[in-house]
file data_36.cif (mmCIF, C-alpha atoms)
data_query
loop_
_atom_site.label_atom_id
_atom_site.label_comp_id
_atom_site.auth_asym_id
_atom_site.auth_seq_id
_atom_site.Cartn_x
_atom_site.Cartn_y
_atom_site.Cartn_z
CA MET A 244 -29.00 -1.80 -14.97
CA HIS A 245 -29.40 -3.98 -11.90
CA SER A 246 -26.88 -4.30 -9.10
CA VAL A 247 -24.83 -7.48 -9.25
CA SER A 248 -25.77 -8.07 -5.60
CA THR A 249 -29.25 -9.15 -6.80
CA ILE A 250 -27.78 -12.39 -8.19
CA ALA A 251 -25.36 -12.98 -5.28
CA ASP A 252 -27.45 -15.92 -4.07
CA LYS A 253 -24.72 -18.63 -4.12
CA GLU A 254 -26.24 -20.22 -7.23
CA MET A 255 -23.80 -21.46 -9.88
CA ARG A 256 -23.89 -19.23 -12.98
CA THR A 257 -21.86 -18.44 -16.07
CA LEU A 258 -20.59 -14.87 -15.84
CA GLU A 259 -18.79 -12.55 -18.22
CA GLY A 260 -16.69 -9.58 -17.19
CA THR A 261 -13.68 -7.43 -18.04
CA ILE A 262 -10.57 -7.69 -15.84
CA VAL A 263 -9.73 -4.27 -14.38
CA ARG A 264 -7.45 -5.35 -11.54
CA ILE A 265 -5.18 -8.31 -10.70
CA GLN A 266 -3.91 -9.08 -7.20
CA GLU A 267 -1.50 -11.96 -6.57
CA SER A 268 -0.76 -13.67 -3.25
CA GLU A 269 0.47 -17.02 -1.99
CA TYR A 270 -3.13 -18.17 -1.66
CA GLY A 271 -4.25 -17.42 -5.21
CA ILE A 272 -5.03 -14.67 -7.70
CA ARG A 273 -7.91 -12.26 -7.22
CA LEU A 274 -9.47 -10.65 -10.27
CA THR A 275 -11.72 -7.61 -10.15
CA LEU A 276 -14.26 -7.80 -12.98
CA ASN A 277 -16.30 -4.93 -14.41
CA ASP A 278 -19.17 -4.77 -16.95
CA ILE A 279 -20.74 -7.98 -15.68
CA VAL A 280 -23.14 -9.96 -17.88
CA ALA A 281 -25.11 -12.99 -16.64
CA GLN A 282 -28.16 -14.75 -18.06
CA GLY A 283 -28.32 -12.23 -20.90
CA ARG A 284 -28.58 -9.27 -18.52
CA GLU A 285 -26.06 -6.51 -17.82
CA PHE A 286 -25.22 -5.62 -14.23
CA GLU A 287 -23.55 -2.62 -12.69
CA ASP A 288 -20.92 -2.72 -9.91
CA ARG A 289 -17.96 -5.09 -9.84
CA ILE A 290 -17.21 -8.58 -8.57
CA LEU A 291 -14.09 -10.04 -6.94
CA VAL A 292 -13.13 -13.52 -8.19
CA ARG A 293 -10.50 -15.81 -6.70
CA VAL A 294 -8.86 -17.99 -9.40
CA PRO A 295 -6.03 -20.58 -9.28
CA LEU A 296 -2.41 -19.47 -8.99
CA PHE A 297 -1.54 -20.88 -12.41
CA SER A 298 -4.05 -18.62 -14.20
CA GLU A 299 -2.43 -16.28 -16.71
CA SER A 300 -4.91 -13.42 -16.92
CA ARG A 301 -4.23 -9.97 -18.33
CA LEU A 302 -5.76 -6.58 -17.70
CA GLY A 303 -8.47 -5.73 -20.21
CA GLU A 304 -9.37 -9.32 -21.09
CA ARG A 305 -13.05 -10.16 -21.42
CA VAL A 306 -13.44 -13.51 -19.65
CA SER A 307 -16.11 -16.07 -18.89
CA ILE A 308 -16.22 -17.99 -15.60
CA ASP A 309 -18.56 -20.41 -13.83
CA CYS A 310 -18.98 -19.58 -10.15
CA ALA A 311 -21.51 -18.92 -7.40
CA LEU A 312 -21.67 -15.27 -6.37
CA LYS A 313 -22.16 -14.37 -2.72
CA ARG A 314 -22.37 -11.10 -0.85
CA PRO A 315 -19.29 -10.16 1.21
CA GLU A 316 -19.80 -10.22 4.95
CA PRO A 317 -18.02 -8.63 7.93
CA PHE A 318 -15.54 -10.77 9.83
CA GLU A 319 -13.65 -10.32 13.11
CA GLY A 320 -15.08 -6.82 13.55
CA PHE A 321 -13.91 -5.70 10.08
CA ALA A 322 -16.66 -4.33 7.82
CA TYR A 323 -15.39 -6.20 4.76
CA ASP A 324 -18.65 -5.68 2.90
CA ARG A 325 -18.49 -1.90 3.25
CA TYR A 326 -14.77 -1.90 2.45
CA LEU A 327 -15.44 -3.62 -0.88
CA ALA A 328 -18.53 -1.50 -1.54
CA ALA A 329 -16.32 1.60 -1.47
CA LYS A 330 -14.51 -0.01 -4.43
CA ASP A 331 -17.82 -0.75 -6.22
CA ILE A 332 -17.45 -4.47 -5.45
CA GLN A 333 -20.80 -5.96 -4.43
CA ALA A 334 -20.18 -9.71 -4.77
CA THR A 335 -17.38 -12.28 -4.56
CA CYS A 336 -16.84 -15.85 -5.72
CA SER A 337 -14.16 -18.53 -6.16
CA THR A 338 -13.45 -20.94 -8.97
CA ARG A 339 -10.94 -23.73 -9.53
CA GLU A 340 -11.04 -23.29 -13.30
CA VAL A 341 -8.96 -20.92 -15.39
CA PRO A 342 -11.10 -18.08 -16.81
CA PHE A 343 -11.96 -18.54 -20.49
CA VAL A 344 -10.85 -15.55 -22.59
CA LEU A 345 -13.56 -14.21 -24.89
CA GLU A 346 -11.75 -11.17 -26.28
CA ASP A 347 -8.81 -8.93 -25.51
CA GLU A 348 -9.26 -5.17 -25.19
CA ARG A 349 -6.67 -3.09 -26.99
CA GLY A 350 -5.84 0.58 -27.00
CA ILE A 351 -3.26 3.08 -25.81
CA TRP A 352 -4.64 3.33 -22.26
CA MET A 353 -4.85 -0.42 -21.82
CA PHE A 354 -1.33 -0.79 -23.22
CA PHE A 355 -0.14 1.74 -20.65
CA LEU A 356 -1.88 -0.08 -17.77
CA ARG A 357 -0.46 -3.42 -18.85
CA THR A 358 3.02 -1.93 -19.14
CA VAL A 359 2.82 -0.49 -15.62
CA TYR A 360 1.54 -3.80 -14.24
CA GLY A 361 4.24 -5.70 -16.11
CA ILE A 362 6.98 -3.45 -14.70
CA ASN A 363 5.56 -3.98 -11.22
CA ARG A 364 5.61 -7.79 -11.48
CA PHE A 365 9.03 -7.78 -13.18
CA SER A 366 10.47 -5.60 -10.41
CA ILE A 367 9.15 -7.95 -7.72
CA ALA A 368 10.58 -10.94 -9.60
CA MET A 369 14.01 -9.24 -9.75
CA ILE A 370 13.88 -8.45 -6.04
CA ASP A 371 13.15 -12.13 -5.37
CA ARG A 372 16.09 -13.02 -7.60
CA VAL A 373 18.57 -10.95 -5.59
CA PHE A 374 17.25 -11.16 -2.02
CA PRO A 375 16.05 -14.10 0.09
CA ASP A 376 12.74 -14.10 1.98
CA PRO A 377 11.59 -12.36 4.13
CA HIS A 378 14.09 -9.66 3.10
CA ALA A 379 12.74 -9.65 -0.46
CA GLN A 380 9.19 -9.29 0.83
CA LEU A 381 10.20 -6.36 3.03
CA LEU A 382 11.98 -4.56 0.18
CA ALA A 383 9.06 -5.17 -2.19
CA GLY A 384 6.75 -3.71 0.44
CA LEU A 385 8.96 -0.65 0.92
CA LEU A 386 9.44 0.04 -2.79
CA LEU A 387 6.15 -1.14 -4.29
CA GLY A 388 3.67 -1.52 -1.45
CA ASP A 389 3.48 -5.24 -2.20
CA ASP A 390 1.99 -7.23 0.68
CA ALA A 391 3.19 -10.84 0.45
CA PHE A 392 4.18 -11.46 4.06
CA SER A 393 3.29 -14.60 5.95
CA GLU A 394 0.73 -14.37 8.75
CA GLY A 395 3.54 -14.49 11.30
CA TRP A 396 5.34 -11.46 9.92
CA SER A 397 2.11 -9.57 9.33
CA GLU A 398 1.35 -10.08 13.03
CA ARG A 399 4.78 -8.70 13.97
CA PHE A 400 4.20 -5.55 11.92
CA LEU A 401 0.80 -5.19 13.55
CA ARG A 402 2.11 -5.62 17.10
CA THR A 403 4.87 -3.04 16.59
CA GLY A 404 2.71 -0.46 14.81
CA THR A 405 4.84 -0.53 11.67
CA SER A 406 2.39 -1.95 9.14
CA HIS A 407 2.43 1.39 7.31
CA ILE A 408 6.02 0.93 6.13
CA VAL A 409 5.06 -1.98 3.85
CA ALA A 410 1.82 -0.49 2.54
CA ALA A 411 1.20 1.91 -0.32
CA SER A 412 0.19 4.67 2.08
CA GLY A 413 0.75 8.39 1.97
CA SER A 414 2.22 8.37 5.46
CA ASN A 415 4.80 5.73 4.49
CA VAL A 416 5.98 7.59 1.41
CA ALA A 417 5.87 10.97 3.14
CA LEU A 418 7.91 9.83 6.13
CA VAL A 419 10.66 8.43 3.94
CA VAL A 420 10.63 11.44 1.59
CA MET A 421 10.85 13.88 4.51
CA LEU A 422 13.89 12.07 5.86
CA VAL A 423 15.50 12.13 2.41
CA LEU A 424 14.68 15.82 1.96
CA GLY A 425 16.17 16.61 5.35
CA GLY A 426 19.39 14.84 4.39
CA MET A 427 19.57 16.61 1.04
CA PHE A 428 19.01 20.01 2.67
CA ARG A 429 21.79 19.33 5.17
CA ALA A 430 24.07 18.28 2.31
CA GLY A 431 23.65 21.74 0.78
CA ILE A 432 21.42 20.75 -2.13
CA SER A 433 19.07 23.59 -3.10
CA ARG A 434 15.39 23.32 -2.20
CA LYS A 435 14.40 23.49 -5.86
CA TYR A 436 16.41 20.45 -6.89
CA ALA A 437 15.66 18.52 -3.69
CA THR A 438 11.93 19.10 -4.12
CA ALA A 439 12.00 18.13 -7.80
CA PHE A 440 13.88 14.95 -6.91
CA ALA A 441 11.37 14.08 -4.17
CA LEU A 442 8.31 14.69 -6.37
CA PHE A 443 9.85 12.69 -9.22
CA GLY A 444 10.53 9.86 -6.78
CA ILE A 445 6.89 9.89 -5.64
CA LEU A 446 5.74 9.77 -9.27
CA CYS A 447 7.96 6.76 -9.93
CA PHE A 448 6.61 5.05 -6.81
CA VAL A 449 3.00 5.56 -7.93
CA PHE A 450 3.60 3.98 -11.34
CA LEU A 451 5.81 1.14 -10.09
CA ALA A 452 3.23 0.27 -7.43
CA GLY A 453 0.59 -0.14 -10.12
CA ALA A 454 -0.91 3.37 -10.37
CA GLU A 455 -4.15 2.15 -8.77
CA SER A 456 -6.45 4.48 -6.88
CA ALA A 457 -5.05 3.75 -3.41
CA VAL A 458 -1.46 4.21 -4.57
CA THR A 459 -2.31 7.36 -6.52
CA ARG A 460 -4.00 8.79 -3.45
CA ALA A 461 -0.93 7.95 -1.37
CA GLY A 462 1.28 9.75 -3.89
CA ILE A 463 -0.96 12.83 -3.83
CA MET A 464 -0.93 12.95 -0.04
CA ALA A 465 2.84 12.52 0.10
CA SER A 466 3.27 15.31 -2.46
CA PHE A 467 1.32 17.65 -0.16
CA VAL A 468 3.76 16.94 2.66
CA VAL A 469 6.75 17.68 0.41
CA ILE A 470 5.24 20.93 -0.86
CA SER A 471 4.30 22.05 2.66
CA ARG A 472 7.85 21.31 3.84
CA VAL A 473 9.33 23.47 1.10
CA LEU A 474 6.83 26.34 1.30
CA GLY A 475 6.74 26.36 5.07
CA ARG A 476 3.12 27.52 4.83
CA ALA A 477 0.69 24.96 6.12
CA SER A 478 -2.28 27.23 5.45
CA SER A 479 -1.64 27.21 1.69
CA VAL A 480 -1.33 23.45 1.53
CA ARG A 481 -4.42 23.07 3.72
CA ASN A 482 -6.60 24.56 0.99
CA VAL A 483 -5.10 22.32 -1.69
CA LEU A 484 -5.49 19.27 0.54
CA LEU A 485 -9.10 20.17 1.31
CA CYS A 486 -9.94 20.60 -2.38
CA THR A 487 -8.34 17.29 -3.29
CA VAL A 488 -10.21 15.43 -0.55
CA CYS A 489 -13.47 17.03 -1.72
CA ILE A 490 -12.81 15.89 -5.28
CA MET A 491 -12.14 12.34 -4.07
CA LEU A 492 -15.35 12.33 -2.04
CA PHE A 493 -17.34 13.76 -4.93
CA ASP A 494 -16.13 10.88 -7.10
CA GLU A 495 -16.85 8.24 -4.42
CA PRO A 496 -18.48 9.45 -1.15
CA ARG A 497 -18.39 5.98 0.45
CA ILE A 498 -14.63 6.08 0.98
CA LEU A 499 -15.12 8.58 3.82
CA ARG A 500 -16.89 5.92 5.90
CA ASP A 501 -15.66 2.61 4.50
CA ASP A 502 -12.12 3.05 3.14
CA ILE A 503 -9.69 2.83 6.04
CA GLY A 504 -6.79 3.52 3.68
CA PHE A 505 -8.34 6.84 2.70
CA GLN A 506 -8.94 7.78 6.33
CA LEU A 507 -5.39 6.91 7.38
CA SER A 508 -3.84 8.69 4.39
CA VAL A 509 -5.74 11.92 5.02
CA LEU A 510 -5.24 11.96 8.79
CA SER A 511 -1.56 11.05 8.65
CA THR A 512 -0.97 13.74 6.04
CA ILE A 513 -2.73 16.30 8.24
CA GLY A 514 -0.58 15.25 11.17
CA LEU A 515 2.63 15.48 9.16
CA ILE A 516 1.77 18.89 7.74
CA PHE A 517 0.48 20.60 10.87
CA TRP A 518 2.14 18.82 13.79
CA ALA A 519 5.52 17.48 12.69
CA ASN A 520 7.45 20.77 12.99
CA THR A 521 5.83 21.51 16.35
CA PHE A 522 6.68 18.09 17.73
CA ILE A 523 10.34 18.53 16.80
CA GLU A 524 10.57 21.22 19.49
CA TYR A 525 9.21 18.84 22.14
CA VAL A 526 11.48 15.90 21.37
CA SER A 527 14.79 17.68 21.85
CA PHE A 528 15.96 14.70 23.93
CA VAL A 529 16.28 12.70 20.69
CA PRO A 530 19.62 13.27 18.91
CA GLU A 531 19.56 15.00 15.51
CA ARG A 532 22.15 12.68 13.94
CA PHE A 533 20.96 10.58 11.02
CA GLY A 534 17.61 12.40 11.11
CA LEU A 535 16.52 10.60 14.30
CA ARG A 536 14.80 13.59 15.86
CA GLU A 537 12.91 14.48 12.71
CA GLY A 538 11.97 10.87 12.12
CA PHE A 539 10.66 10.47 15.65
CA ALA A 540 8.66 13.73 15.48
CA THR A 541 7.06 12.87 12.14
CA THR A 542 6.24 9.37 13.32
CA LEU A 543 4.65 10.71 16.50
CA ALA A 544 2.62 13.24 14.50
CA ALA A 545 1.32 10.62 12.06
CA THR A 546 0.65 8.10 14.84
CA LEU A 547 -1.36 10.49 17.01
CA ALA A 548 -3.33 11.83 14.03
CA THR A 549 -4.40 8.32 12.99
CA LEU A 550 -4.94 6.96 16.50
CA PRO A 551 -8.77 7.43 16.51
CA VAL A 552 -9.16 5.44 13.26
CA THR A 553 -6.72 2.79 14.43
CA LEU A 554 -8.63 2.28 17.67
CA PHE A 555 -12.14 2.45 16.21
CA SER A 556 -11.65 0.58 12.92
CA MET A 557 -8.90 -1.89 13.83
CA GLY A 558 -9.47 -2.21 17.57
CA GLN A 559 -5.78 -2.25 18.38
CA ILE A 560 -2.98 -0.16 19.85
CA SER A 561 0.77 -0.73 19.91
CA PHE A 562 2.64 0.67 22.90
CA VAL A 563 6.05 0.31 21.25
CA GLY A 564 4.96 1.86 17.95
CA PRO A 565 6.86 5.16 18.47
CA LEU A 566 10.01 3.30 19.59
CA ALA A 567 9.83 0.80 16.73
CA ASN A 568 9.36 3.57 14.18
CA LEU A 569 12.17 5.61 15.76
CA LEU A 570 14.56 2.70 15.28
CA VAL A 571 13.31 1.59 11.86
CA LEU A 572 12.47 4.77 9.93
CA PRO A 573 16.04 6.16 9.66
CA LEU A 574 17.06 2.87 8.03
CA LEU A 575 14.36 2.93 5.35
CA PRO A 576 15.96 5.41 2.88
CA LEU A 577 19.23 3.44 2.98
CA ALA A 578 17.43 0.12 2.57
CA MET A 579 15.38 1.43 -0.34
CA GLY A 580 18.31 3.12 -2.08
CA LEU A 581 20.78 0.25 -1.73
CA GLY A 582 18.05 -2.31 -2.43
CA THR A 583 17.10 -0.53 -5.65
CA LEU A 584 20.74 -0.43 -6.75
CA ALA A 585 21.20 -4.14 -6.10
CA THR A 586 17.96 -4.98 -7.91
CA VAL A 587 18.92 -2.94 -10.99
CA VAL A 588 22.34 -4.62 -11.13
CA GLY A 589 20.65 -7.99 -10.59
CA MET A 590 18.56 -7.41 -13.71
CA VAL A 591 21.80 -7.45 -15.70
CA HIS A 592 23.68 -10.12 -13.76
CA GLY A 593 22.05 -11.99 -10.90
CA GLU A 594 25.27 -13.14 -9.20
CA ILE A 595 26.82 -9.66 -9.16
CA GLY A 596 23.54 -8.23 -7.93
CA ARG A 597 23.54 -10.66 -5.00
CA TRP A 598 27.05 -9.58 -4.01
CA ILE A 599 26.14 -5.90 -4.21
CA ALA A 600 22.97 -6.61 -2.24
CA PHE A 601 24.84 -7.45 0.97
CA PRO A 602 24.71 -3.91 2.51
CA ALA A 603 20.99 -3.66 1.73
CA TRP A 604 20.44 -7.20 3.07
CA TRP A 605 22.20 -6.26 6.32
CA ILE A 606 19.99 -3.19 6.78
CA LEU A 607 16.83 -5.15 5.94
CA ASP A 608 17.93 -7.88 8.33
CA THR A 609 18.45 -5.27 11.06
CA ILE A 610 14.92 -3.94 10.51
CA LEU A 611 13.46 -7.44 10.68
CA MET A 612 15.49 -8.23 13.82
CA ILE A 613 14.20 -5.07 15.55
CA LEU A 614 10.61 -5.92 14.72
CA ARG A 615 11.05 -9.56 15.73
CA GLU A 616 12.52 -8.68 19.13
CA LEU A 617 10.06 -5.89 19.94
CA SER A 618 7.03 -7.93 18.90
CA SER A 619 8.09 -10.74 21.27
CA LEU A 620 7.59 -8.51 24.32
CA PHE A 621 4.35 -9.39 26.10
CA PHE A 622 3.23 -5.82 26.84
CA VAL A 623 3.69 -4.20 23.41
CA TYR A 624 0.21 -4.66 21.98
CA MET A 625 -3.37 -4.49 23.18
CA GLU A 626 -6.66 -5.15 21.48
CA VAL A 627 -9.38 -2.63 22.26
CA VAL A 628 -12.95 -3.86 22.50
CA SER A 629 -15.30 -1.34 20.85
#

call {"tool": "encode", "arguments": {"input": "data_36.cif", "output": "structure tokens"}}
result
Amino acid sequence: MHSVSTIADKEMRTLEGTIVRIQESEYGIRLTLNDIVAQGREFEDRILVRVPLFSESRLGERVSIDCALKRPEPFEGFAYDRYLAAKDIQATCSTREVPFVLEDERGIWMFFLRTVYGINRFSIAMIDRVFPDPHAQLLAGLLLGDDAFSEGWSERFLRTGTSHIVAASGSNVALVVMLVLGGMFRAGISRKYATAFALFGILCFVFLAGAESAVTRAGIMASFVVISRVLGRASSVRNVLLCTVCIMLFDEPRILRDDIGFQLSVLSTIGLIFWANTFIEYVSFVPERFGLREGFATTLAATLATLPVTLFSMGQISFVGPLANLLVLPLLPLAMGLGTLATVVGMVHGEIGRWIAFPAWWILDTILMILRELSSLFFVYMEVVS
């Protein structure tokens, strides 16, 4: 078969493809299509199609669209073309028409994928029902890795070095899980039950966040951190981590160069496994109460481990990142726990859920206030010219 990039010449064509991924945002819906057919020929690779917000597409549907394919190009120093290529996406297009459904794929696996996606969208809708914006957006990012922030808030997360807390990243999940584990250990809960609870929580996160490759990878990386914390033997986990990374690269070698998420997940996990405990000894000036010292040490470990990728790929550095994370990270487990409780109650009764949501709203509001104030300082952020 030919690569779909061979027909990415901006000429209007009728295309057929199967929907394998759906991403929603305030600007529209993006569909990833596989098994492309155009002009009676089959093409390999995938395409990314932007469709109107009112489109009601489902995973597994075979659809027909009229659009002009074009090759993705880099912008603002970001290698967007290589980023998409690592996901097998070789062309993009936009259409103002709703895709025409040709057939609907059925089967146990597709039913499972649709169920997971449906739970994800339902959960976000319930969060929006109980919490106002931007608090709902923050909670959805913490719980599900959903990125629906405005450009203003995205810039604040960027300037304070806290973008990882609202992304489906291994470092985000691992940091929160390590804080929760530390609290459970101090409460006298056995390591066996605490570890089982943490791993089960990671599994739930992976499925609720859509069980896509990036989220699954984040869950795997976070699981390594939990296991290393319990075993206390970094050398054993190192071998497992190395084997897993090799398997990922064997399946898709391009992610090593082009997938920033993969790079950040691996490096942050390495930092958390090998440096976090050592850094705790050097940050004795930070109080232990509420897990502040452990949170600061783990944040510092993950930040330093990912610094080369952050500078080279993103061209940016936040000088208040460690401080912002020190203030914010201890609040995340409480925000996630209380937010989940309020959301579950809100599913049954919206008004009661909104009343119960007040403690979680206050914590979320505190996090947003910290980020808003720190990001307003003129010296907190610097762009690095590569």

call {"tool": "resolve_selection", "arguments": {"input": "data_36.cif", "expression": "the PyMOL selection byres ((chain A and resi 283-297) around 7)", "output": "PyMOL selection string"}}
result
chain A and resi 244-247+271-282+298-299+331-341

call {"tool": "write_last_selection", "arguments": {"input": "data_36.cif", "atoms": "C-alpha atoms", "output": "compact mmCIF listing (two decimals), keeping the file's coordinate frame"}}
result
# COMPACT_ATOMS: atom_id res chain seq x y z
CA MET A 244 -29.00 -1.80 -14.97
CA HIS A 245 -29.40 -3.98 -11.90
CA SER A 246 -26.88 -4.30 -9.10
CA VAL A 247 -24.83 -7.48 -9.25
CA GLY A 271 -4.25 -17.42 -5.21
CA ILE A 272 -5.03 -14.67 -7.70
CA ARG A 273 -7.91 -12.26 -7.22
CA LEU A 274 -9.47 -10.65 -10.27
CA THR A 275 -11.72 -7.61 -10.15
CA LEU A 276 -14.26 -7.80 -12.98
CA ASN A 277 -16.30 -4.93 -14.41
CA ASP A 278 -19.17 -4.77 -16.95
CA ILE A 279 -20.74 -7.98 -15.68
CA VAL A 280 -23.14 -9.96 -17.88
CA ALA A 281 -25.11 -12.99 -16.64
CA GLN A 282 -28.16 -14.75 -18.06
CA SER A 298 -4.05 -18.62 -14.20
CA GLU A 299 -2.43 -16.28 -16.71
CA ASP A 331 -17.82 -0.75 -6.22
CA ILE A 332 -17.45 -4.47 -5.45
CA GLN A 333 -20.80 -5.96 -4.43
CA ALA A 334 -20.18 -9.71 -4.77
CA THR A 335 -17.38 -12.28 -4.56
CA CYS A 336 -16.84 -15.85 -5.72
CA SER A 337 -14.16 -18.53 -6.16
CA THR A 338 -13.45 -20.94 -8.97
CA ARG A 339 -10.94 -23.73 -9.53
CA GLU A 340 -11.04 -23.29 -13.30
CA VAL A 341 -8.96 -20.92 -15.39

call {"tool": "atom_distance", "arguments": {"input": "data_36.cif", "atom1": "CA of Leu550 in chain A", "atom2": "CA of Gly444 in chain A"}}
result
28.1 Å

call {"tool": "closest_residue", "arguments": {"input": "data_36.cif", "among": "A:Pro315, A:Pro496, A:Gly596, A:Gly303", "to": "Lys253 in chain A", "atoms": "all atoms listed in the file"}}
result
A:Pro315

call {"tool": "atom_distance", "arguments": {"input": "data_36.cif", "atom1": "CA of Glu254 in chain A", "atom2": "CA of Ala311 in chain A"}}
result
4.9 Å

call {"tool": "atom_distance", "arguments": {"input": "data_36.cif", "atom1": "CA of Phe493 in chain A", "atom2": "CA of Ile513 in chain A"}}
result
19.8 Å

call {"tool": "closest_residue", "arguments": {"input": "data_36.cif", "among": "A:Ile265, A:Ala540, A:Ala585, A:Gly431", "to": "Ile370 in chain A", "atoms": "all atoms listed in the file"}}
result
A:Ala585

call {"tool": "build_atoms", "arguments": {"input": "data_36.cif", "residues": "range 458-464 of chain A", "atoms": "all heavy atoms", "output": "tab-separated table (two decimals), in the coordinates of the input"}}
result
chain	number	residue	atom	x	y	z
A	458	VAL	N	-2.84	3.78	-4.44
A	458	VAL	CA	-1.46	4.21	-4.57
A	458	VAL	C	-1.39	5.65	-5.06
A	458	VAL	O	-0.57	6.45	-4.61
A	458	VAL	CB	-0.70	3.28	-5.53
A	458	VAL	CG1	0.75	3.69	-5.64
A	458	VAL	CG2	-0.82	1.84	-5.07
A	459	THR	N	-2.26	5.98	-6.02
A	459	THR	CA	-2.31	7.36	-6.52
A	459	THR	C	-2.65	8.33	-5.41
A	459	THR	O	-2.05	9.41	-5.28
A	459	THR	CB	-3.33	7.48	-7.66
A	459	THR	OG1	-3.00	6.55	-8.70
A	459	THR	CG2	-3.35	8.88	-8.22
A	460	ARG	N	-3.63	7.95	-4.58
A	460	ARG	CA	-4.00	8.79	-3.45
A	460	ARG	C	-2.82	8.96	-2.49
A	460	ARG	O	-2.56	10.05	-1.99
A	460	ARG	CB	-5.18	8.16	-2.70
A	460	ARG	CG	-5.67	8.98	-1.53
A	460	ARG	CD	-6.86	8.33	-0.86
A	460	ARG	NE	-6.51	7.04	-0.27
A	460	ARG	CZ	-7.09	5.90	-0.57
A	460	ARG	NH1	-8.03	5.86	-1.48
A	460	ARG	NH2	-6.73	4.78	0.02
A	461	ALA	N	-2.09	7.88	-2.24
A	461	ALA	CA	-0.93	7.95	-1.37
A	461	ALA	C	0.12	8.91	-1.94
A	461	ALA	O	0.73	9.69	-1.20
A	461	ALA	CB	-0.32	6.55	-1.19
A	462	GLY	N	0.33	8.84	-3.26
A	462	GLY	CA	1.28	9.75	-3.89
A	462	GLY	C	0.85	11.20	-3.78
A	462	GLY	O	1.68	12.09	-3.54
A	463	ILE	N	-0.44	11.46	-3.95
A	463	ILE	CA	-0.96	12.83	-3.83
A	463	ILE	C	-0.75	13.36	-2.42
A	463	ILE	O	-0.28	14.49	-2.22
A	463	ILE	CB	-2.45	12.88	-4.20
A	463	ILE	CG1	-2.63	12.57	-5.70
A	463	ILE	CG2	-3.05	14.24	-3.87
A	463	ILE	CD1	-4.08	12.45	-6.12
A	464	MET	N	-1.09	12.53	-1.43
A	464	MET	CA	-0.93	12.95	-0.04
A	464	MET	C	0.54	13.21	0.29
A	464	MET	O	0.87	14.18	0.96
A	464	MET	CB	-1.50	11.88	0.90
A	464	MET	CG	-2.99	11.65	0.75
A	464	MET	SD	-3.96	13.13	1.12
A	464	MET	CE	-5.61	12.53	0.78
